[in-house]
Amino acid sequence: MKVFINKNIPEAGIKLLQDKGISFTINPTENLLSREEFIKICQEHDALLSVGTNNLDEDFFQQCPNLKGIALFSVGFDSVTIPSANSRKIPVGNTPDVLSRATSDVAFLLMQSVARKSFFNHKRILNNDWGSFDPLANLGQELYGKTLGIFGLGRIGIEMAKKCKAAFGMKIIYHNRSRKEDAEKELDAKYVDFETLLAESDVLSIHANYSAENNEIFNKNAFAKMKPNSIFINTARGKFQNENDLFDALTNNIIWGAGLDVTNPEPMKFDNPLLSLPNCCILPHIGSATYEARNGMAVCAAQNIIALFENKKMPFCVNEEVYS
């Protein structure tokens, strides 16, 4: 059995595969493969370790009937049409937990950067626009005692809430598909409906798994219900936000600012008007970009592949129903 790895991953994962004697092929080029090239290579392998946002849809599964398992190099699995995998009894694994702290760190960083307009003020230096002291210019806002709203209180959301509570004494509210009573006790968090989340959050941070039902749920109507001082943070998936509506909300003082580690579409074009706004801070999807997180992701992905080859249940399987 052979595994295709479409991009190079940290040595920690490669070594695990080598130690188990698993045969694998790593994409020999640094360039992105076209869909046709990607599918052709997958047709020649028994398993896929998928790095990036390859669209693993019904058409992909139809063209790759030999695949027996997929290990994603990500915690999100919205790139896979799970019903198509299920119908073929193909397990799909992800990499949970290991990137929770790193991704929440970036959300926390963006929140503070937006509050103090740090990206914009850094650009002022680069543009030789430091100027003299002006007590009324470029003022930010403090976060002490404010309300943090979490959309999707999973592992990453909990880490974000812990940081905000410890650093700024922020109150925590959240909206989820179901209540998290343990997290409520730990964080003194309050479960609210979506409308209340919008209305009461001073900072609203997205940490949910993306699904089609939530496509662009943060749009004109949602932003209009948020506070004028509110900060919108997204480190999950860019498709949660309508970026034209976000631009309008930021330029018309409907909300205070936004911090994005993910964009819609992604990657963002260099001339996107959001990049020129003083109240918008954008990073190029670096949430998991630490040595610790990426090594952990590589290990999780390798462990999922190893379990597949040993006819065992993937330890980080997102569609466990295939084993029933």
# chains A, B, ... in the order shown; residues from 1 in each chain; ligands from 1

$ closest_atom_pairs --of "stretch 188-260 of chain A" --to "stretch 78-94 of chain A" --cutoff "10 Å" --atoms "only C-alpha atoms" --output "JSON lines"
{"residue": "A:Asn209", "atom": "CA", "partner": "A:Asp78", "partner_atom": "CA", "distance": 7.6}
{"residue": "A:Tyr210", "atom": "CA", "partner": "A:Asp78", "partner_atom": "CA", "distance": 6.2}
{"residue": "A:Ser211", "atom": "CA", "partner": "A:Asp78", "partner_atom": "CA", "distance": 6.5}
{"residue": "A:Ala212", "atom": "CA", "partner": "A:Asp78", "partner_atom": "CA", "distance": 8.8}
{"residue": "A:Arg237", "atom": "CA", "partner": "A:Asp78", "partner_atom": "CA", "distance": 9.3}

$ write_last_selection --atoms "N, CA, C and O atoms" --output "PDB file, in the first residue's frame"
ATOM      1  N   ASN A 209     -16.458  25.056  13.341  1.00  0.00           N
ATOM      2  CA  ASN A 209     -16.208  24.325  12.104  1.00  0.00           C
ATOM      3  C   ASN A 209     -17.141  24.876  11.034  1.00  0.00           C
ATOM      4  O   ASN A 209     -18.344  25.029  11.275  1.00  0.00           O
ATOM      5  N   TYR A 210     -16.600  25.167   9.866  1.00  0.00           N
ATOM      6  CA  TYR A 210     -17.420  25.727   8.792  1.00  0.00           C
ATOM      7  C   TYR A 210     -18.306  24.658   8.176  1.00  0.00           C
ATOM      8  O   TYR A 210     -17.900  23.507   7.988  1.00  0.00           O
ATOM      9  N   SER A 211     -19.532  25.046   7.866  1.00  0.00           N
ATOM     10  CA  SER A 211     -20.438  24.197   7.091  1.00  0.00           C
ATOM     11  C   SER A 211     -21.242  25.108   6.179  1.00  0.00           C
ATOM     12  O   SER A 211     -21.356  26.320   6.420  1.00  0.00           O
ATOM     13  N   ALA A 212     -21.833  24.525   5.142  1.00  0.00           N
ATOM     14  CA  ALA A 212     -22.548  25.316   4.141  1.00  0.00           C
ATOM     15  C   ALA A 212     -23.684  26.125   4.754  1.00  0.00           C
ATOM     16  O   ALA A 212     -24.004  27.228   4.285  1.00  0.00           O
ATOM     17  N   ARG A 237     -12.579  30.010   9.277  1.00  0.00           N
ATOM     18  CA  ARG A 237     -12.659  29.888   7.825  1.00  0.00           C
ATOM     19  C   ARG A 237     -13.215  31.183   7.249  1.00  0.00           C
ATOM     20  O   ARG A 237     -14.162  31.762   7.779  1.00  0.00           O
TER      21      ARG A 237
END

$ residues_around --residues "stretch 166-175 of chain A" --least-positions-apart "2" --cutoff "10 Å" --atoms "only C-alpha atoms" --output "JSON, numbers by chain"
{"A": [142, 143, 144, 145, 146, 147, 148, 149, 150, 151, 152, 153, 157, 158, 161, 162, 163, 164, 177, 178, 179, 180, 184, 187, 188, 189, 190, 191, 192, 193, 194, 195, 196, 197, 198, 200, 201, 202, 203, 204, 205, 206, 208]}

$ closest_residue --among "A:Leu308, A:Met314, A:Leu136, A:Val75" --to "A:Ser100" --atoms "only C-alpha atoms"
A:Val75

$ closest_residue --among "A:Met226, A:Ala102, A:Asp46, A:Asn121" --to "A:Ser23" --atoms "only C-alpha atoms"
A:Asp46

$ residues_around --residues "A:Ile233" --least-positions-apart "4" --cutoff "6 Å" --atoms "only C-alpha atoms" --output "ChimeraX atom specification"
/A:205,258-260

$ residues_around --residues "A:Ile255" --least-positions-apart "3" --cutoff "7 Å" --atoms "only C-alpha atoms" --output "VMD selection string"
chain A and resid 223 226 to 231 249 to 250

$ residues_around --residues "A:Thr263" --least-positions-apart "2" --cutoff "9 Å" --atoms "only C-alpha atoms" --output "list in words"
Asn234, Arg237, Gly238, Lys239, Phe240, Gln241, Glu243, Leu260, Asp261, Pro265, Glu266, Pro267, Met268, Ile282, Pro284 and His285 of chain A

$ write_last_selection --atoms "C-alpha atoms" --output "compact mmCIF listing (two decimals), in the first residue's frame"
# COMPACT_ATOMS: atom_id res chain seq x y z
CA ASN A 234 -12.08 35.29 12.39
CA ARG A 237 -12.66 29.89 7.82
CA GLY A 238 -13.04 32.88 5.53
CA LYS A 239 -16.39 31.71 4.16
CA PHE A 240 -18.05 32.69 7.43
CA GLN A 241 -17.91 36.35 6.33
CA GLU A 243 -16.20 40.61 2.79
CA LEU A 260 -8.76 38.21 10.00
CA ASP A 261 -6.42 35.26 9.68
CA PRO A 265 -11.66 34.02 -1.04
CA GLU A 266 -8.27 32.80 0.12
CA PRO A 267 -5.62 33.85 -0.61
CA MET A 268 -6.66 37.49 -0.59
CA ILE A 282 -5.15 40.81 8.27
CA PRO A 284 -2.11 35.20 5.79
CA HIS A 285 -3.66 32.20 7.60
